[in-house]
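J.: Hey, dropping run_17.cif in here, mmCIF, C-alpha atoms and all ligand atoms:
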```cif
data_work
loop_
_atom_site.label_atom_id
_atom_site.label_comp_id
_atom_site.auth_asym_id
_atom_site.auth_seq_id
_atom_site.Cartn_x
_atom_site.Cartn_y
_atom_site.Cartn_z
CA MET A 27 -21.53 188.89 -146.33
CA ASP A 28 -22.55 185.31 -147.02
CA HIS A 29 -18.98 184.07 -147.49
CA LEU A 30 -18.01 185.29 -144.01
CA TYR A 31 -20.09 182.53 -142.52
CA LYS A 32 -18.99 179.83 -144.89
CA ARG A 33 -15.31 179.93 -145.57
CA PHE A 34 -12.28 179.72 -143.34
CA ASP A 35 -14.14 181.11 -140.35
CA PHE A 36 -12.08 180.31 -137.26
CA ARG A 37 -13.46 183.16 -135.12
CA SER A 38 -15.66 180.97 -132.99
CA ASP A 39 -17.78 177.82 -132.93
CA THR A 40 -20.71 180.24 -132.58
CA VAL A 41 -20.55 180.73 -136.38
CA THR A 42 -21.74 177.17 -137.11
CA VAL A 43 -24.89 176.94 -139.19
CA PRO A 44 -27.67 174.37 -138.63
CA THR A 45 -27.39 171.03 -140.42
CA GLN A 46 -29.89 169.81 -142.98
CA GLU A 47 -31.29 167.43 -140.35
CA MET A 48 -31.82 170.34 -137.97
CA ARG A 49 -33.57 172.39 -140.62
CA GLU A 50 -35.90 169.50 -141.40
CA ALA A 51 -36.62 168.96 -137.71
CA MET A 52 -37.35 172.68 -137.34
CA TYR A 53 -39.76 172.58 -140.27
CA LYS A 54 -41.69 169.70 -138.80
CA ALA A 55 -41.56 170.76 -135.15
CA GLU A 56 -44.75 170.61 -133.14
CA VAL A 57 -45.14 173.88 -131.27
CA GLY A 58 -47.31 175.63 -128.70
CA ASP A 59 -47.13 178.54 -126.28
CA ASP A 60 -44.19 177.71 -124.04
CA VAL A 61 -44.97 180.47 -121.53
CA LEU A 62 -48.18 178.52 -120.90
CA GLY A 63 -46.16 175.28 -120.76
CA GLU A 64 -47.64 174.03 -124.02
CA ASP A 65 -44.73 173.59 -126.41
CA PRO A 66 -44.08 169.85 -126.82
CA SER A 67 -40.77 170.32 -128.62
CA ILE A 68 -39.37 172.51 -125.86
CA GLN A 69 -40.59 170.04 -123.25
CA HIS A 70 -38.91 167.22 -125.13
CA LEU A 71 -35.64 169.19 -125.35
CA GLU A 72 -35.72 170.12 -121.66
CA HIS A 73 -36.30 166.50 -120.61
CA LEU A 74 -33.59 165.22 -122.91
CA ALA A 75 -31.13 167.89 -121.75
CA ALA A 76 -31.75 167.14 -118.06
CA GLU A 77 -31.25 163.44 -118.71
CA LYS A 78 -28.03 163.99 -120.71
CA VAL A 79 -26.40 165.95 -117.89
CA GLY A 80 -27.85 163.90 -115.03
CA LYS A 81 -29.93 166.66 -113.46
CA GLU A 82 -33.60 166.66 -112.45
CA ALA A 83 -34.78 169.48 -114.68
CA ALA A 84 -33.69 171.85 -117.42
CA LEU A 85 -34.71 175.15 -118.94
CA PHE A 86 -34.29 176.28 -122.56
CA VAL A 87 -32.84 179.81 -122.57
CA THR A 88 -32.08 182.21 -125.38
CA SER A 89 -28.29 182.24 -124.99
CA GLY A 90 -25.38 181.30 -122.79
CA THR A 91 -25.30 184.81 -121.41
CA GLN A 92 -28.97 184.62 -120.44
CA GLY A 93 -28.47 181.16 -118.90
CA ASN A 94 -25.60 182.36 -116.73
CA LEU A 95 -27.50 185.48 -115.67
CA VAL A 96 -30.64 183.50 -114.83
CA ALA A 97 -28.47 181.13 -112.78
CA VAL A 98 -26.82 183.96 -110.84
CA LEU A 99 -30.20 185.61 -110.18
CA THR A 100 -31.63 182.30 -108.99
CA HIS A 101 -28.75 181.47 -106.65
CA THR A 102 -28.14 184.91 -105.08
CA LYS A 103 -29.71 188.03 -103.67
CA ARG A 104 -28.65 191.63 -104.26
CA GLY A 105 -25.44 192.58 -102.47
CA ASP A 106 -24.09 189.01 -102.39
CA GLU A 107 -20.56 188.13 -103.44
CA VAL A 108 -20.07 185.75 -106.39
CA LEU A 109 -16.65 184.12 -106.68
CA MET A 110 -15.13 183.16 -110.00
CA GLU A 111 -11.84 182.81 -111.84
CA SER A 112 -10.29 186.13 -112.87
CA GLU A 113 -10.80 185.57 -116.61
CA ALA A 114 -14.27 184.02 -116.33
CA HIS A 115 -16.58 184.64 -119.28
CA ILE A 116 -19.30 185.77 -116.86
CA TYR A 117 -16.99 188.53 -115.67
CA TYR A 118 -15.19 189.33 -118.88
CA TYR A 119 -17.74 189.09 -121.68
CA GLU A 120 -21.26 189.31 -120.30
CA VAL A 121 -21.64 193.09 -120.22
CA GLY A 122 -21.52 193.22 -116.43
CA GLY A 123 -25.05 191.78 -116.35
CA ILE A 124 -24.65 190.12 -112.97
CA ALA A 125 -23.77 193.50 -111.42
CA ALA A 126 -26.19 195.65 -113.44
CA LEU A 127 -29.19 193.34 -113.19
CA GLY A 128 -28.32 191.01 -110.31
CA GLY A 129 -26.77 193.59 -107.99
CA VAL A 130 -24.05 191.13 -106.99
CA ILE A 131 -20.36 191.85 -106.57
CA PRO A 132 -17.87 189.56 -108.30
CA ARG A 133 -14.76 188.45 -106.42
CA LEU A 134 -12.06 187.22 -108.76
CA ILE A 135 -9.65 184.39 -108.00
CA GLN A 136 -6.51 183.92 -110.05
CA GLY A 137 -6.54 180.43 -111.53
CA SER A 138 -4.06 178.34 -113.41
CA ALA A 139 -5.26 177.36 -116.90
CA GLY A 140 -8.69 178.54 -115.78
CA VAL A 141 -8.79 176.19 -112.80
CA ILE A 142 -9.12 177.42 -109.20
CA THR A 143 -7.54 175.32 -106.45
CA PRO A 144 -9.43 174.54 -103.22
CA ASP A 145 -6.76 176.50 -101.32
CA ALA A 146 -7.19 179.58 -103.50
CA LEU A 147 -10.94 179.39 -102.90
CA ARG A 148 -10.43 178.98 -99.14
CA THR A 149 -8.19 182.05 -99.09
CA ALA A 150 -10.68 184.12 -101.07
CA LEU A 151 -13.58 183.15 -98.79
CA ARG A 152 -13.32 185.56 -95.88
CA GLU A 153 -14.75 184.77 -92.46
CA GLU A 154 -18.10 186.41 -91.67
CA ASN A 155 -17.61 190.05 -90.75
CA ILE A 156 -20.04 192.96 -90.60
CA HIS A 157 -18.06 194.77 -93.31
CA PHE A 158 -18.12 192.05 -95.93
CA PRO A 159 -20.70 191.10 -98.52
CA THR A 160 -22.17 187.61 -98.10
CA PRO A 161 -20.56 185.09 -100.45
CA SER A 162 -23.28 182.88 -101.89
CA LEU A 163 -22.12 181.46 -105.21
CA LEU A 164 -19.02 180.05 -106.90
CA CYS A 165 -18.98 180.00 -110.70
CA ILE A 166 -16.56 177.75 -112.57
CA GLU A 167 -16.07 177.54 -116.33
CA ASN A 168 -15.53 174.26 -118.21
CA SER A 169 -14.02 174.40 -120.76
CA HIS A 170 -12.45 177.76 -119.96
CA ASN A 171 -12.69 180.12 -122.89
CA ARG A 172 -9.93 182.62 -122.13
CA ALA A 173 -7.60 179.86 -120.92
CA GLY A 174 -7.72 178.39 -124.45
CA GLY A 175 -10.44 175.81 -123.90
CA ALA A 176 -8.56 174.33 -120.92
CA ILE A 177 -10.53 171.78 -118.93
CA TRP A 178 -11.41 170.99 -115.33
CA THR A 179 -11.29 167.31 -114.39
CA PRO A 180 -14.12 165.78 -112.31
CA GLU A 181 -11.70 165.56 -109.34
CA GLN A 182 -10.81 169.25 -109.53
CA ILE A 183 -14.50 170.16 -109.59
CA VAL A 184 -15.35 167.93 -106.62
CA ALA A 185 -12.48 169.44 -104.62
CA VAL A 186 -13.56 173.10 -105.05
CA ALA A 187 -17.26 172.25 -104.72
CA GLU A 188 -16.52 170.67 -101.35
CA VAL A 189 -14.91 173.86 -100.05
CA ALA A 190 -17.76 175.96 -101.46
CA LYS A 191 -20.37 173.74 -99.82
CA GLU A 192 -18.59 173.73 -96.43
CA ARG A 193 -19.07 177.48 -96.52
CA GLY A 194 -22.68 177.35 -97.62
CA LEU A 195 -22.10 178.48 -101.22
CA HIS A 196 -23.87 177.10 -104.26
CA VAL A 197 -21.84 176.19 -107.34
CA HIS A 198 -22.77 177.08 -110.92
CA MET A 199 -20.88 175.82 -113.94
CA ASP A 200 -20.63 177.95 -117.05
CA GLY A 201 -20.40 174.88 -119.23
CA ALA A 202 -20.95 176.65 -122.55
CA ARG A 203 -18.60 173.96 -123.96
CA VAL A 204 -19.03 171.26 -121.32
CA PHE A 205 -19.60 168.60 -123.99
CA ASN A 206 -16.16 169.49 -125.34
CA ALA A 207 -14.73 169.24 -121.82
CA ALA A 208 -16.27 165.80 -121.35
CA ILE A 209 -15.26 164.25 -124.64
CA ALA A 210 -11.73 165.61 -124.30
CA GLN A 211 -11.21 163.54 -121.16
CA ASN A 212 -13.40 160.58 -122.04
CA CYS A 213 -15.91 161.12 -119.30
CA SER A 214 -19.61 161.95 -119.27
CA VAL A 215 -21.05 165.41 -118.76
CA SER A 216 -23.00 163.94 -115.81
CA GLU A 217 -19.69 163.12 -114.13
CA LEU A 218 -18.42 166.64 -114.66
CA VAL A 219 -21.51 168.30 -113.24
CA ALA A 220 -22.39 165.87 -110.44
CA SER A 221 -21.09 168.18 -107.71
CA VAL A 222 -22.43 171.48 -109.07
CA ASP A 223 -25.90 172.84 -108.36
CA SER A 224 -26.48 174.18 -111.84
CA VAL A 225 -24.91 173.99 -115.26
CA MET A 226 -25.44 176.11 -118.33
CA PHE A 227 -24.42 174.72 -121.69
CA CYS A 228 -24.79 176.04 -125.23
CA LEU A 229 -26.55 174.25 -128.07
CA SER A 230 -25.47 176.96 -130.46
CA LYS A 231 -21.68 176.53 -130.38
CA GLY A 232 -19.91 173.32 -131.39
CA LEU A 233 -23.21 171.42 -131.29
CA GLY A 234 -24.40 173.49 -134.24
CA ALA A 235 -27.93 174.56 -133.26
CA PRO A 236 -28.84 178.03 -134.51
CA VAL A 237 -29.99 179.46 -131.16
CA GLY A 238 -30.25 178.52 -127.53
CA SER A 239 -28.69 177.20 -124.37
CA ILE A 240 -29.79 175.05 -121.45
CA LEU A 241 -29.74 175.66 -117.72
CA ALA A 242 -30.02 172.45 -115.69
CA GLY A 243 -30.31 171.73 -111.97
CA ASN A 244 -32.83 170.38 -109.48
CA ALA A 245 -36.55 170.89 -110.12
CA GLU A 246 -37.02 173.52 -107.43
CA LEU A 247 -34.11 175.60 -108.79
CA ILE A 248 -35.33 175.33 -112.37
CA ASN A 249 -38.87 176.40 -111.36
CA ARG A 250 -37.47 179.57 -109.86
CA ALA A 251 -35.11 180.04 -112.82
CA ARG A 252 -38.10 179.84 -115.19
CA LYS A 253 -39.55 182.92 -113.55
CA TYR A 254 -36.27 184.86 -113.86
CA ARG A 255 -36.04 183.87 -117.52
CA LYS A 256 -39.51 185.38 -118.00
CA MET A 257 -38.41 188.53 -116.16
CA LEU A 258 -35.49 188.88 -118.56
CA GLY A 259 -37.76 188.59 -121.58
CA GLY A 260 -36.87 184.99 -122.31
CA GLY A 261 -40.40 183.54 -122.46
CA MET A 262 -40.28 182.49 -126.08
CA ARG A 263 -43.77 181.23 -127.01
CA GLN A 264 -43.59 178.89 -130.07
CA ALA A 265 -39.83 178.41 -129.80
CA GLY A 266 -40.25 174.67 -130.40
CA VAL A 267 -38.90 175.41 -133.88
CA LEU A 268 -35.61 176.26 -132.18
CA ALA A 269 -35.80 173.46 -129.64
CA ALA A 270 -36.19 170.97 -132.51
CA ALA A 271 -32.69 171.87 -133.71
CA GLY A 272 -31.45 171.61 -130.12
CA ILE A 273 -32.76 168.04 -129.90
CA VAL A 274 -30.79 167.08 -133.01
CA ALA A 275 -27.74 168.83 -131.50
CA LEU A 276 -27.96 166.77 -128.32
CA GLU A 277 -28.76 163.50 -130.03
CA ASN A 278 -26.37 163.60 -132.96
CA MET A 279 -23.74 166.27 -132.57
CA THR A 280 -21.92 165.62 -129.30
CA GLU A 281 -19.70 162.72 -130.41
CA ARG A 282 -18.26 164.59 -133.37
CA LEU A 283 -16.75 167.27 -131.11
CA ALA A 284 -13.74 164.94 -130.83
CA ASP A 285 -13.00 165.70 -134.51
CA ASP A 286 -12.81 169.41 -133.71
CA HIS A 287 -10.28 168.65 -130.98
CA THR A 288 -8.14 166.50 -133.28
CA LEU A 289 -8.13 169.25 -135.90
CA ALA A 290 -7.29 171.93 -133.31
CA LEU A 291 -4.32 169.90 -132.08
CA LYS A 292 -3.11 169.38 -135.62
CA ILE A 293 -3.28 173.12 -136.30
CA GLY A 294 -1.62 173.90 -132.96
CA GLN A 295 1.25 171.52 -133.63
CA ALA A 296 1.84 172.94 -137.10
CA LEU A 297 1.74 176.54 -135.87
CA SER A 298 4.12 175.81 -133.01
CA ASN A 299 6.84 175.35 -135.66
CA ILE A 300 6.49 178.96 -136.77
CA GLU A 301 9.14 180.99 -134.95
CA THR A 302 7.16 184.20 -134.45
CA LEU A 303 4.17 182.34 -132.96
CA SER A 304 3.96 180.50 -129.67
CA ILE A 305 1.37 178.06 -128.37
CA ASP A 306 0.94 176.20 -125.09
CA LEU A 307 0.27 172.75 -126.50
CA ASP A 308 -0.29 171.23 -123.04
CA ARG A 309 -3.43 173.31 -122.68
CA LEU A 310 -4.73 172.55 -126.13
CA LYS A 311 -7.21 169.86 -125.17
CA THR A 312 -10.36 171.07 -126.91
CA ASN A 313 -11.28 173.28 -129.87
CA ILE A 314 -9.73 176.63 -128.94
CA ILE A 315 -6.21 177.49 -130.12
CA LEU A 316 -4.58 180.52 -128.50
CA VAL A 317 -1.56 181.77 -130.41
CA LYS A 318 0.82 184.42 -129.04
CA VAL A 319 2.31 186.71 -131.66
CA ASP A 320 5.92 187.84 -131.17
CA PRO A 321 5.76 191.63 -130.56
CA ALA A 322 8.84 191.99 -132.78
CA TRP A 323 6.59 190.87 -135.67
CA GLY A 324 3.53 192.93 -134.69
CA THR A 325 0.22 192.72 -132.85
CA ALA A 326 -2.66 190.26 -132.85
CA GLU A 327 -4.72 192.83 -134.74
CA LYS A 328 -2.08 193.11 -137.47
CA LEU A 329 -2.15 189.34 -137.94
CA ILE A 330 -5.94 189.20 -137.95
CA GLN A 331 -6.04 191.85 -140.67
CA ALA A 332 -3.40 190.08 -142.75
CA LEU A 333 -5.43 186.85 -142.51
CA GLU A 334 -8.65 188.61 -143.41
CA LYS A 335 -7.11 189.69 -146.73
CA GLU A 336 -6.76 185.96 -147.44
CA GLU A 337 -10.40 185.32 -146.44
CA ILE A 338 -9.41 183.68 -143.16
CA LEU A 339 -11.22 184.97 -140.10
CA ALA A 340 -9.85 184.80 -136.57
CA GLY A 341 -10.46 186.66 -133.31
CA ALA A 342 -8.27 188.42 -130.73
CA SER A 343 -8.05 187.16 -127.17
CA GLY A 344 -5.63 189.91 -126.10
CA PRO A 345 -3.29 192.49 -127.68
CA GLN A 346 -0.75 189.79 -128.64
CA THR A 347 -3.05 186.76 -128.70
CA VAL A 348 -5.01 185.46 -131.67
CA ARG A 349 -7.74 182.86 -131.18
CA PHE A 350 -8.67 180.18 -133.68
CA VAL A 351 -11.63 177.91 -132.95
CA THR A 352 -12.38 174.67 -134.79
CA HIS A 353 -15.95 173.52 -135.39
CA LYS A 354 -18.09 171.46 -137.72
CA ASP A 355 -17.96 174.01 -140.55
CA VAL A 356 -14.17 173.97 -140.91
CA GLY A 357 -12.32 170.84 -142.01
CA GLU A 358 -8.93 169.50 -143.04
CA LEU A 359 -8.75 171.67 -146.18
CA ASP A 360 -9.56 174.84 -144.25
CA ALA A 361 -6.94 173.92 -141.67
CA ALA A 362 -4.34 173.35 -144.40
CA LYS A 363 -5.16 176.74 -145.90
CA LEU A 364 -4.83 178.35 -142.44
CA ILE A 365 -1.46 176.72 -141.75
CA ASP A 366 0.01 177.54 -145.19
CA THR A 367 -1.22 181.11 -145.07
CA LEU A 368 0.16 181.69 -141.60
CA LYS A 369 3.55 180.30 -142.63
CA ARG A 370 3.61 182.67 -145.58
CA ILE A 371 2.50 185.71 -143.56
CA MET A 372 4.84 185.09 -140.62
CA GLU A 373 7.88 183.82 -142.47
CA GLY A 374 7.42 185.19 -145.98
N1 LIG B 1 -18.42 182.96 -126.00
C1 LIG B 1 -18.26 183.63 -127.27
C2 LIG B 1 -18.00 185.12 -127.07
O1 LIG B 1 -18.88 185.65 -126.15
C3 LIG B 1 -16.63 185.45 -126.60
C4 LIG B 1 -17.15 182.96 -128.04
O2 LIG B 1 -17.05 183.25 -129.25
O3 LIG B 1 -16.40 182.16 -127.48
N2 LIG B 1 -19.78 181.14 -121.57
C5 LIG B 1 -18.70 180.88 -122.31
C6 LIG B 1 -17.57 180.12 -121.72
C7 LIG B 1 -18.63 181.33 -123.64
O4 LIG B 1 -17.55 181.09 -124.35
C8 LIG B 1 -19.74 182.05 -124.17
C9 LIG B 1 -19.70 182.60 -125.56
C10 LIG B 1 -20.86 182.28 -123.35
C11 LIG B 1 -20.84 181.81 -122.05
C12 LIG B 1 -22.04 183.07 -123.82
O5 LIG B 1 -22.80 182.40 -124.76
P1 LIG B 1 -23.77 183.21 -125.75
O6 LIG B 1 -22.88 183.75 -126.84
O7 LIG B 1 -24.72 182.17 -126.22
O8 LIG B 1 -24.42 184.28 -124.97
#
```
Here is a file; write its structure as structure tokens.
Ligand code: TLP
T.:
Amino acid sequence: MDHLYKRFDFRSDTVTVPTQEMREAMYKAEVGDDVLGEDPSIQHLEHLAAEKVGKEAALFVTSGTQGNLVAVLTHTKRGDEVLMESEAHIYYYEVGGIAALGGVIPRLIQGSAGVITPDALRTALREENIHFPTPSLLCIENSHNRAGGAIWTPEQIVAVAEVAKERGLHVHMDGARVFNAAIAQNCSVSELVASVDSVMFCLSKGLGAPVGSILAGNAELINRARKYRKMLGGGMRQAGVLAAAGIVALENMTERLADDHTLALKIGQALSNIETLSIDLDRLKTNIILVKVDPAWGTAEKLIQALEKEEILAGASGPQTVRFVTHKDVGELDAAKLIDTLKRIMEG
């Protein structure tokens, strides 16, 4: 199994393993019982995280999924309507947690490259009527996973947040890869999240930490969120050993995400020359490469299996769509192997 995590693994940036520096920080981490508010490493991480994203407070959660669920629980009550883009991760990949555990009903809005326009939001927000659930939250995703890592600009976020706020909704950002979204457009994460009430981001994806995500917002929101995290079993006691890696991730791993984007673009450009594959290069701004396989050649699954025989791992994002993700544990040589192998499989 070991090789699966080491070589040619383009399935996701979630496969990244902690750096030597992280492991050393974990070894030395000062810890305490965090449920009692006594873990200095977690407190350090939460302060640092809040500062990095320009929010008052932050909470260390077990995963992106838990962070999003805690956010939805904190912002809504049972029976409320939560609006989001039709391919949102919260809707598509989080096991229906917001419905099963939060009792909320999602309302999906068709976006373009993952982005919802203010008009589309206005149309989806129905006037108060005795028959309708109460809309209370808008969730946006930046970068947008199923749209191939496509990004929202600060202006696009401000524009939808304005409409949401006019109607009394809160806004949560699933920013699992918000550091990618920021570096891709040369802006700060603080700029991207200034008009949202909460943001979740992952330490365990491109930033390379082994476990954990952050939920950030104002102090009152984070106090309430802390209680929901406990309810969901996320009170983690001496988890300062994990937070220590998160601190290294935030301090030293954000800038290098630009390398992942450069490599992704290089791969995307090379693959776009293969006739039986197609790629929307305009959308390829971050580290996710979505490749459509010509049905005349076969399915995404057929391609994934052919690649696996060559020790290259990729994921499916649909019946005809293969997803490759770049991250710190794949480099130029791995990319060259991927490109050559794909040429051989598709054209050979
Ligand atoms: N995404 C994973 C899988 O769940 C698909 C991946 O490999 O891309 N929000 C977004 C936008 C995400 O992409 C993910 C993970 C999450 C939330 C959930 O994070 P975790 O895996 O930490 O629960």
J.: Neighbours of ligand LIG 1 (chain B) within 6 Å, counting only C-alpha atoms and all ligand atoms, as a PyMOL selection string?
T.: chain A and resi 38+40+89-91+115+119+170-171+200+202
J.: If we count all atoms listed in the file, what is near Ala251 in chain A at a cut-off of 7 Å, once residues fewer than 5 positions away on the same chain are taken out, given as a ChimeraX atom specification?
T.: /A:96-97,100
J.: Neighbours of Val222 in chain A within 9 Å (all atoms listed in the file; same-chain residues fewer than 5 positions away dropped), as a count of residues only?
T.: 8
J.: Please report the interatomic distance between CA of Ser221 in chain A and CA of Cys165 in chain A in Å with one decimal.
T.: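 According to the coordinates, CA of Ser221 in chain A and CA of Cys165 in chain A are separated by 12.4 Å.
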J.: Which is closest to Lys354 in chain A among A:Gly234, A:Gly93, A:Gly128, A:Gly122, if we use all atoms listed in the file?
T.: A:Gly234
J.: Point out the residue among A:Met48, A:Ile240, A:Leu258, A:Leu368 with the least atom-to-atom distance to Leu303 in chain A, counting all atoms listed in the file.
T.: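 Closest to Leu303 in chain A of all the choices is A:Leu368.
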J.: Could you pull the residues within 12 Å of Asp59 in chain A, counting only C-alpha atoms, minus those fewer than 2 positions along the same chain, as a short mmCIF file (atom, residue, chain, number, x, y, z; two decimals) with C-alpha atoms, keeping the file's coordinate frame?
T.:
```
data_model
loop_
_atom_site.label_atom_id
_atom_site.label_comp_id
_atom_site.auth_asym_id
_atom_site.auth_seq_id
_atom_site.Cartn_x
_atom_site.Cartn_y
_atom_site.Cartn_z
CA GLU A 56 -44.75 170.61 -133.14
CA VAL A 57 -45.14 173.88 -131.27
CA VAL A 61 -44.97 180.47 -121.53
CA LEU A 62 -48.18 178.52 -120.90
CA GLY A 63 -46.16 175.28 -120.76
CA GLU A 64 -47.64 174.03 -124.02
CA ASP A 65 -44.73 173.59 -126.41
CA PRO A 66 -44.08 169.85 -126.82
CA SER A 67 -40.77 170.32 -128.62
CA ILE A 68 -39.37 172.51 -125.86
CA GLN A 69 -40.59 170.04 -123.25
CA GLY A 261 -40.40 183.54 -122.46
CA MET A 262 -40.28 182.49 -126.08
CA ARG A 263 -43.77 181.23 -127.01
CA GLN A 264 -43.59 178.89 -130.07
CA ALA A 265 -39.83 178.41 -129.80
CA GLY A 266 -40.25 174.67 -130.40
CA VAL A 267 -38.90 175.41 -133.88
#
```
J.: Under the rule that all atoms listed in the file are counted, which of A:Ala326, A:Ala55, A:Leu163, A:Ile156 is the nearest residue to Val108 in chain A?
T.: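 Of all the options, A:Leu163 lies closest to Val108 in chain A.
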